[in-house]
>>> print(open('entry-v4.txt').read())   # compact mmCIF, C-alpha atoms
# COMPACT_ATOMS: atom_id res chain seq x y z
CA MET A 8 3.34 32.64 -77.32
CA MET A 9 6.95 31.61 -76.79
CA ARG A 10 7.02 33.13 -73.31
CA SER A 11 3.76 31.41 -72.29
CA ILE A 12 5.05 28.05 -73.54
CA ASN A 13 8.32 28.43 -71.63
CA PHE A 14 6.48 29.49 -68.50
CA SER A 15 4.15 26.50 -68.77
CA ARG A 16 7.06 24.11 -69.12
CA LEU A 17 8.86 25.75 -66.22
CA PHE A 18 5.78 25.40 -64.04
CA ILE A 19 5.29 21.76 -64.99
CA TYR A 20 8.92 20.79 -64.41
CA SER A 21 9.07 22.74 -61.16
CA THR A 22 5.95 20.99 -59.89
CA LEU A 23 7.29 17.58 -60.89
CA ALA A 24 10.65 18.33 -59.26
CA PHE A 25 8.93 19.43 -56.06
CA PHE A 26 6.86 16.26 -55.76
CA CYS A 27 9.90 14.16 -56.68
CA VAL A 28 11.85 15.72 -53.81
CA VAL A 29 8.94 15.19 -51.40
CA TYR A 30 8.58 11.58 -52.50
CA LEU A 31 12.30 10.81 -52.16
CA MET A 32 12.75 12.63 -48.85
CA PRO A 33 12.06 9.54 -46.66
CA LEU A 34 14.63 7.55 -48.65
CA PHE A 35 17.16 10.36 -48.21
CA VAL A 36 16.58 10.37 -44.44
CA MET A 37 16.97 6.59 -44.29
CA VAL A 38 20.22 6.61 -46.25
CA ILE A 39 21.96 9.37 -44.30
CA THR A 40 20.77 7.95 -40.97
CA SER A 41 22.20 4.55 -41.83
CA PHE A 42 25.67 6.13 -42.19
CA LYS A 43 25.54 8.02 -38.88
CA THR A 44 26.82 6.98 -35.50
CA LEU A 45 24.42 6.96 -32.53
CA PRO A 46 25.96 10.10 -30.96
CA ASP A 47 25.64 11.81 -34.34
CA ILE A 48 21.95 10.87 -34.54
CA LYS A 49 21.27 12.22 -31.04
CA ALA A 50 23.18 15.46 -31.60
CA GLY A 51 21.84 16.31 -35.06
CA ASN A 52 18.49 16.28 -36.82
CA LEU A 53 16.84 14.14 -39.45
CA MET A 54 18.05 16.21 -42.39
CA SER A 55 21.62 16.81 -41.27
CA LEU A 56 24.41 14.98 -43.06
CA PRO A 57 26.67 12.65 -41.03
CA THR A 58 29.65 14.32 -39.43
CA GLU A 59 31.46 11.04 -40.04
CA TRP A 60 30.37 8.53 -42.68
CA VAL A 61 30.60 5.02 -41.25
CA PHE A 62 29.42 1.60 -42.43
CA ASP A 63 29.15 0.02 -38.99
CA ALA A 64 25.34 0.00 -39.02
CA TRP A 65 25.28 -1.81 -42.37
CA PHE A 66 27.68 -4.51 -41.20
CA LYS A 67 25.76 -4.97 -37.97
CA ALA A 68 22.36 -5.11 -39.73
CA TRP A 69 23.67 -7.77 -42.10
CA ASP A 70 25.69 -9.91 -39.72
CA THR A 71 25.12 -9.39 -35.97
CA ALA A 72 21.86 -7.49 -35.33
CA CYS A 73 19.32 -9.18 -33.04
CA THR A 74 16.07 -10.34 -34.65
CA GLY A 75 14.44 -11.75 -31.56
CA VAL A 76 16.42 -14.31 -29.58
CA LYS A 77 19.05 -14.71 -32.31
CA CYS A 78 21.72 -12.12 -33.09
CA GLU A 79 22.84 -13.25 -36.53
CA GLY A 80 21.72 -10.26 -38.60
CA ILE A 81 19.33 -10.43 -41.54
CA LYS A 82 21.57 -12.22 -44.01
CA GLY A 83 19.93 -15.63 -43.50
CA TYR A 84 16.44 -14.19 -43.91
CA PHE A 85 17.56 -12.32 -47.01
CA TRP A 86 18.47 -15.60 -48.71
CA ASN A 87 15.28 -17.20 -47.38
CA SER A 88 13.32 -14.61 -49.33
CA PHE A 89 15.21 -15.40 -52.53
CA GLN A 90 14.60 -19.13 -52.06
CA MET A 91 10.90 -18.33 -51.79
CA VAL A 92 10.56 -15.60 -54.42
CA ILE A 93 12.38 -17.13 -57.39
CA PRO A 94 10.38 -20.38 -57.66
CA ALA A 95 7.12 -18.65 -56.73
CA VAL A 96 7.56 -16.03 -59.46
CA ALA A 97 8.64 -18.60 -62.07
CA ILE A 98 5.80 -21.04 -61.37
CA SER A 99 3.03 -18.43 -61.07
CA THR A 100 4.20 -16.72 -64.28
CA LEU A 101 4.25 -19.98 -66.24
CA LEU A 102 0.84 -21.05 -64.93
CA GLY A 103 -0.59 -17.61 -65.65
CA ALA A 104 0.70 -17.77 -69.24
CA PHE A 105 -0.75 -21.25 -69.64
CA ASN A 106 -4.15 -20.24 -68.25
CA GLY A 107 -4.25 -17.08 -70.36
CA TYR A 108 -3.46 -19.16 -73.45
CA VAL A 109 -6.23 -21.67 -72.70
CA VAL A 110 -9.01 -19.15 -71.98
CA THR A 111 -8.25 -17.12 -75.12
CA LYS A 112 -7.08 -19.56 -77.81
CA TRP A 113 -8.51 -22.92 -76.68
CA GLN A 114 -11.83 -21.90 -75.21
CA PHE A 115 -14.00 -24.70 -73.87
CA ARG A 116 -17.53 -24.81 -72.53
CA GLY A 117 -17.53 -22.80 -69.33
CA SER A 118 -14.16 -21.15 -70.00
CA ASN A 119 -15.60 -17.69 -69.39
CA LEU A 120 -17.06 -18.85 -66.09
CA PHE A 121 -13.72 -20.41 -65.18
CA PHE A 122 -11.94 -17.14 -65.90
CA SER A 123 -14.53 -15.15 -63.94
CA LEU A 124 -14.12 -17.39 -60.90
CA LEU A 125 -10.34 -17.19 -61.17
CA LEU A 126 -10.55 -13.42 -61.52
CA PHE A 127 -12.60 -13.32 -58.33
CA GLY A 128 -9.44 -14.46 -56.56
CA CYS A 129 -7.91 -11.02 -57.19
CA PHE A 130 -10.41 -9.50 -54.78
CA ILE A 131 -10.21 -12.01 -51.93
CA PRO A 132 -8.50 -10.42 -48.91
CA PHE A 133 -5.45 -12.20 -47.52
CA GLN A 134 -7.09 -12.63 -44.13
CA VAL A 135 -9.93 -14.76 -45.54
CA ILE A 136 -7.65 -17.62 -46.59
CA LEU A 137 -5.30 -17.70 -43.61
CA LEU A 138 -7.01 -20.50 -41.66
CA PRO A 139 -8.04 -22.69 -44.64
CA MET A 140 -4.56 -22.42 -46.13
CA ALA A 141 -2.91 -23.21 -42.80
CA THR A 142 -5.08 -26.34 -42.53
CA VAL A 143 -4.15 -27.47 -46.04
CA LEU A 144 -0.43 -26.87 -45.50
CA GLY A 145 -0.59 -28.78 -42.21
CA LYS A 146 -2.23 -31.80 -43.86
CA LEU A 147 0.35 -31.72 -46.65
CA GLY A 148 3.20 -31.55 -44.16
CA LEU A 149 4.36 -28.20 -45.55
CA ALA A 150 3.65 -25.97 -42.55
CA ASN A 151 6.52 -23.65 -41.60
CA THR A 152 8.47 -24.53 -44.75
CA THR A 153 9.75 -22.54 -47.71
CA ALA A 154 7.90 -24.88 -50.07
CA GLY A 155 4.66 -24.08 -48.26
CA LEU A 156 5.23 -20.35 -48.70
CA VAL A 157 5.95 -20.90 -52.39
CA ILE A 158 2.66 -22.75 -52.83
CA VAL A 159 0.72 -20.01 -51.02
CA HIS A 160 2.16 -17.26 -53.22
CA VAL A 161 1.66 -19.27 -56.40
CA ILE A 162 -2.00 -19.91 -55.58
CA TYR A 163 -2.73 -16.34 -54.56
CA GLY A 164 -0.77 -14.80 -57.45
CA MET A 165 -2.14 -17.03 -60.20
CA ALA A 166 -5.33 -14.95 -60.49
CA PHE A 167 -3.30 -11.84 -61.28
CA THR A 168 -0.89 -13.55 -63.68
CA THR A 169 -3.77 -15.18 -65.56
CA LEU A 170 -5.46 -11.79 -65.92
CA PHE A 171 -2.27 -10.23 -67.31
CA PHE A 172 -1.66 -12.95 -69.89
CA ARG A 173 -5.32 -13.25 -70.85
CA ASN A 174 -5.46 -9.51 -71.67
CA PHE A 175 -2.26 -9.84 -73.69
CA TYR A 176 -3.17 -12.98 -75.63
CA ILE A 177 -6.62 -11.71 -76.53
CA SER A 178 -4.91 -9.04 -78.65
CA ILE A 179 -3.07 -11.68 -80.71
CA PRO A 180 -4.99 -12.64 -83.88
CA ASP A 181 -6.70 -16.04 -83.72
CA GLU A 182 -5.56 -16.64 -87.30
CA LEU A 183 -2.02 -17.16 -86.01
CA VAL A 184 -3.14 -20.13 -83.91
CA LYS A 185 -5.40 -21.47 -86.68
CA ALA A 186 -2.54 -21.37 -89.18
CA ALA A 187 -0.33 -23.27 -86.76
CA LYS A 188 -3.03 -25.91 -86.32
CA LEU A 189 -3.27 -26.34 -90.09
CA ASP A 190 0.49 -26.90 -90.18
CA GLY A 191 0.10 -29.70 -87.66
CA ALA A 192 1.17 -27.88 -84.52
CA GLY A 193 -0.38 -29.22 -81.34
CA PHE A 194 -1.51 -27.63 -78.08
CA PHE A 195 1.89 -27.43 -76.39
CA THR A 196 3.83 -26.69 -79.59
CA ILE A 197 1.73 -23.59 -80.26
CA PHE A 198 2.17 -22.44 -76.68
CA PHE A 199 5.93 -22.96 -76.34
CA LYS A 200 7.02 -22.29 -79.94
CA ILE A 201 4.67 -19.48 -81.01
CA LEU A 202 2.93 -17.63 -78.18
CA LEU A 203 5.50 -17.78 -75.39
CA PRO A 204 8.37 -16.33 -77.50
CA ILE A 205 6.29 -13.23 -78.33
CA SER A 206 5.16 -12.78 -74.72
CA THR A 207 8.30 -11.03 -73.47
CA PRO A 208 6.55 -7.70 -72.65
CA ILE A 209 3.82 -9.26 -70.51
CA ILE A 210 6.28 -11.70 -68.94
CA MET A 211 8.31 -8.72 -67.73
CA VAL A 212 5.16 -7.13 -66.28
CA THR A 213 4.23 -10.32 -64.48
CA VAL A 214 7.72 -10.96 -63.13
CA ILE A 215 8.03 -7.41 -61.76
CA TRP A 216 4.53 -7.52 -60.27
CA GLN A 217 4.97 -10.91 -58.65
CA PHE A 218 8.52 -10.30 -57.46
CA THR A 219 7.52 -7.05 -55.76
CA ALA A 220 4.33 -8.47 -54.22
CA ILE A 221 5.99 -11.64 -52.89
CA TRP A 222 9.19 -10.01 -51.68
CA ASN A 223 7.31 -7.30 -49.78
CA ASP A 224 4.70 -9.62 -48.30
CA PHE A 225 4.61 -9.76 -44.53
CA LEU A 226 1.32 -11.43 -43.60
CA PHE A 227 1.88 -14.77 -45.32
CA GLY A 228 5.50 -14.77 -44.20
CA VAL A 229 4.72 -14.28 -40.52
CA VAL A 230 1.82 -16.77 -40.54
CA TYR A 231 3.18 -19.67 -42.61
CA SER A 232 6.94 -19.58 -41.96
CA GLY A 233 8.98 -21.14 -39.19
CA SER A 234 11.92 -19.74 -37.27
CA GLU A 235 14.35 -21.03 -39.91
CA THR A 236 12.31 -20.07 -42.98
CA GLN A 237 11.15 -16.54 -42.18
CA PRO A 238 11.52 -14.05 -45.05
CA ILE A 239 13.30 -10.71 -44.83
CA THR A 240 10.12 -8.74 -44.06
CA VAL A 241 9.49 -10.74 -40.90
CA ALA A 242 13.13 -10.42 -39.83
CA LEU A 243 13.00 -6.66 -40.37
CA ASN A 244 9.93 -6.40 -38.17
CA ASN A 245 11.62 -8.47 -35.46
CA LEU A 246 14.78 -6.39 -35.66
CA VAL A 247 12.95 -3.08 -35.31
CA ASN A 248 10.90 -4.35 -32.37
CA THR A 249 13.83 -5.98 -30.57
CA SER A 250 15.41 -3.70 -27.98
CA THR A 251 18.66 -4.32 -26.11
CA GLY A 252 18.53 -1.10 -24.12
CA VAL A 253 19.58 1.41 -26.80
CA LYS A 254 17.48 2.03 -29.90
CA GLU A 255 19.84 1.82 -32.88
CA TYR A 256 18.05 3.79 -35.56
CA ASN A 257 21.02 3.61 -37.89
CA VAL A 258 20.92 -0.21 -37.85
CA ASP A 259 17.15 -0.21 -38.42
CA MET A 260 17.52 2.11 -41.42
CA ALA A 261 20.37 0.07 -42.90
CA ALA A 262 18.36 -3.13 -42.54
CA ALA A 263 15.30 -1.53 -44.17
CA ILE A 264 17.38 -0.38 -47.15
CA ILE A 265 18.95 -3.83 -47.54
CA ALA A 266 15.48 -5.37 -47.49
CA ALA A 267 14.27 -2.93 -50.16
CA LEU A 268 17.30 -3.18 -52.47
CA PRO A 269 16.11 -6.14 -54.60
CA THR A 270 12.80 -4.49 -55.52
CA LEU A 271 14.55 -1.16 -56.14
CA LEU A 272 17.00 -2.89 -58.48
CA VAL A 273 14.19 -4.70 -60.30
CA TYR A 274 12.35 -1.46 -61.00
CA ALA A 275 15.56 0.40 -61.89
CA LEU A 276 16.65 -2.24 -64.39
CA ALA A 277 13.29 -3.31 -65.80
CA GLY A 278 10.89 -0.48 -64.98
CA LYS A 279 10.62 0.69 -68.59
CA TYR A 280 9.55 -2.80 -69.66
CA PHE A 281 6.77 -2.69 -67.06
CA VAL A 282 5.08 0.27 -68.77
CA ARG A 283 5.63 -1.20 -72.24
CA GLY A 284 4.18 -4.53 -71.19
CA LEU A 285 1.09 -2.97 -69.63
CA THR A 286 0.23 -1.22 -72.89
CA ALA A 287 1.34 -4.03 -75.23
CA GLY A 288 -2.06 -5.70 -75.29
CA SER A 289 -4.19 -2.58 -75.09
CA VAL A 290 -4.95 -2.46 -78.82
CA LYS A 291 -6.14 -5.49 -80.74
CA GLY A 292 -4.91 -5.88 -84.26
>>> encode(input="entry-v4.txt", output="structure tokens")
Amino acid sequence: MMRSINFSRLFIYSTLAFFCVVYLMPLFVMVITSFKTLPDIKAGNLMSLPTEWVFDAWFKAWDTACTGVKCEGIKGYFWNSFQMVIPAVAISTLLGAFNGYVVTKWQFRGSNLFFSLLLFGCFIPFQVILLPMATVLGKLGLANTTAGLVIVHVIYGMAFTTLFFRNFYISIPDELVKAAKLDGAGFFTIFFKILLPISTPIIMVTVIWQFTAIWNDFLFGVVYSGSETQPITVALNNLVNTSTGVKEYNVDMAAAIIAALPTLLVYALAGKYFVRGLTAGSVKG
């Protein structure tokens, strides 16, 4: 029995290690390529380590690489993404918490229909809303602006954030809200003083979900941004497709890693809270 158990564990861990290596292989290739020189890339192969570790590609990707007609690197676009992501995540998370609170603890006539219609927004493809949203942003004077991108991501993400908070709040006993009402607590007091403080797990889920989705978005960024407000994903696409005679794969790889670093850091630092938050509202009681 002991031998069979050890063999089973060995097989499981070996299988997991194999798939982990396969999954991380592209990242490994990107990292080592970003530290190679162009002659090193041409002389070696994808899996070979650099003969000389250099940071030139990273500096060029950040500061002087061409992203179209401009050769100012991706640093400006990197900060554009942060200016878009932070308010979009904060607003969509707060609105999702508010909506989830209303449809679970302050139900009104038609609240289930309201939630169903809002939930339908999770299944609307991006392409369907491109023209209507562009028309609305144009009439509001927000076309090609960071504020316009924030509004687009808040509107599109609110269906998901509402779903997350609704599933979490439905697991909280209604007696908690009723007791607060008897003590004289009002609508906003209950939300900000009672429910929101105990919503940390689902807030973490929502923040990670929204941050990743908005940061990695390309379609909305390329459609609704201007030359000065483009996010990092659009700049990365422009950099890769801009050629000055010699294809600099090391610069492309460095730029791709820089663009992916924020989401990697979010998952590395808060990934465990994502799993906890997803299961926090799974059992009512």
>>> residues_around(input="entry-v4.txt", residues="Leu56 (chain A)", least_positions_apart="4", cutoff="12 Å", atoms="all atoms listed in the file", output="PyMOL selection string")
chain A and resi 35-44+47-48+50-52+60-61
>>> atom_distance(input="entry-v4.txt", atom1="CA of Ala220 (chain A)", atom2="CA of Pro269 (chain A)")
12.0 Å
>>> closest_atom_pairs(input="entry-v4.txt", of="region 133-179 of chain A", to="region 196-214 of chain A", cutoff="12 Å", atoms="only C-alpha atoms", output="tab-separated table")
residue	atom	partner	partner_atom	distance
A:Gly164	CA	A:Thr213	CA	9.7
A:Met165	CA	A:Thr213	CA	10.2
A:Ala166	CA	A:Thr213	CA	11.3
A:Phe167	CA	A:Thr213	CA	8.3
A:Thr168	CA	A:Thr213	CA	6.1
A:Thr169	CA	A:Thr213	CA	9.4
A:Leu170	CA	A:Thr213	CA	9.9
A:Phe171	CA	A:Ile209	CA	6.9
A:Phe172	CA	A:Ile209	CA	6.6
A:Arg173	CA	A:Ile209	CA	10.0
A:Asn174	CA	A:Ile209	CA	9.4
A:Phe175	CA	A:Ile209	CA	6.9
A:Tyr176	CA	A:Leu202	CA	8.1
A:Ile177	CA	A:Leu202	CA	11.4
A:Ser178	CA	A:Ser206	CA	11.4
A:Ile179	CA	A:Leu202	CA	8.8
>>> atom_distance(input="entry-v4.txt", atom1="CA of Gln237 (chain A)", atom2="CA of Tyr84 (chain A)")
6.0 Å
>>> closest_residue(input="entry-v4.txt", among="A:Leu53, A:Ala72, A:Val247, A:Val230", to="Met32 (chain A)", atoms="all atoms listed in the file")
A:Leu53
>>> closest_residue(input="entry-v4.txt", among="A:Pro33, A:Gly103, A:Gly83, A:Pro57", to="Ala266 (chain A)", atoms="all atoms listed in the file")
A:Gly83
>>> residues_around(input="entry-v4.txt", residues="Thr219 (chain A)", least_positions_apart="6", cutoff="12 Å", atoms="only C-alpha atoms", output="short mmCIF file (atom, residue, chain, number, x, y, z; two decimals) with C-alpha atoms, in the frame of the given file")
data_model
loop_
_atom_site.label_atom_id
_atom_site.label_comp_id
_atom_site.auth_asym_id
_atom_site.auth_seq_id
_atom_site.Cartn_x
_atom_site.Cartn_y
_atom_site.Cartn_z
CA SER A 88 13.32 -14.61 -49.33
CA PHE A 89 15.21 -15.40 -52.53
CA VAL A 92 10.56 -15.60 -54.42
CA ILE A 93 12.38 -17.13 -57.39
CA ALA A 95 7.12 -18.65 -56.73
CA VAL A 96 7.56 -16.03 -59.46
CA HIS A 160 2.16 -17.26 -53.22
CA GLY A 164 -0.77 -14.80 -57.45
CA VAL A 212 5.16 -7.13 -66.28
CA THR A 213 4.23 -10.32 -64.48
CA PHE A 225 4.61 -9.76 -44.53
CA ALA A 266 15.48 -5.37 -47.49
CA ALA A 267 14.27 -2.93 -50.16
CA LEU A 268 17.30 -3.18 -52.47
CA PRO A 269 16.11 -6.14 -54.60
CA THR A 270 12.80 -4.49 -55.52
CA LEU A 271 14.55 -1.16 -56.14
CA LEU A 272 17.00 -2.89 -58.48
CA VAL A 273 14.19 -4.70 -60.30
CA TYR A 274 12.35 -1.46 -61.00
CA GLY A 278 10.89 -0.48 -64.98
#
>>> atom_distance(input="entry-v4.txt", atom1="CA of Leu34 (chain A)", atom2="CA of Phe227 (chain A)")
25.9 Å
>>> residues_around(input="entry-v4.txt", residues="region 63-66 of chain A", least_positions_apart="3", cutoff="7 Å", atoms="only C-alpha atoms", output="VMD selection string")
chain A and resid 41 to 42 69 to 70 257 to 258 261
>>> closest_residue(input="entry-v4.txt", among="A:Leu144, A:Leu149, A:Cys73, A:Ile265", to="Asn245 (chain A)", atoms="all atoms listed in the file")
A:Cys73
>>> closest_residue(input="entry-v4.txt", among="A:Leu246, A:Ala263, A:Leu102, A:Trp113", to="Gly193 (chain A)", atoms="only C-alpha atoms")
A:Trp113
>>> closest_residue(input="entry-v4.txt", among="A:Ser118, A:Phe127, A:Asn87, A:Leu31", to="Ser234 (chain A)", atoms="all atoms listed in the file")
A:Asn87
>>> residues_around(input="entry-v4.txt", residues="Tyr163 (chain A)", least_positions_apart="4", cutoff="9 Å", atoms="only C-alpha atoms", output="PyMOL selection string")
chain A and resi 99+128-129+133+158-159+167
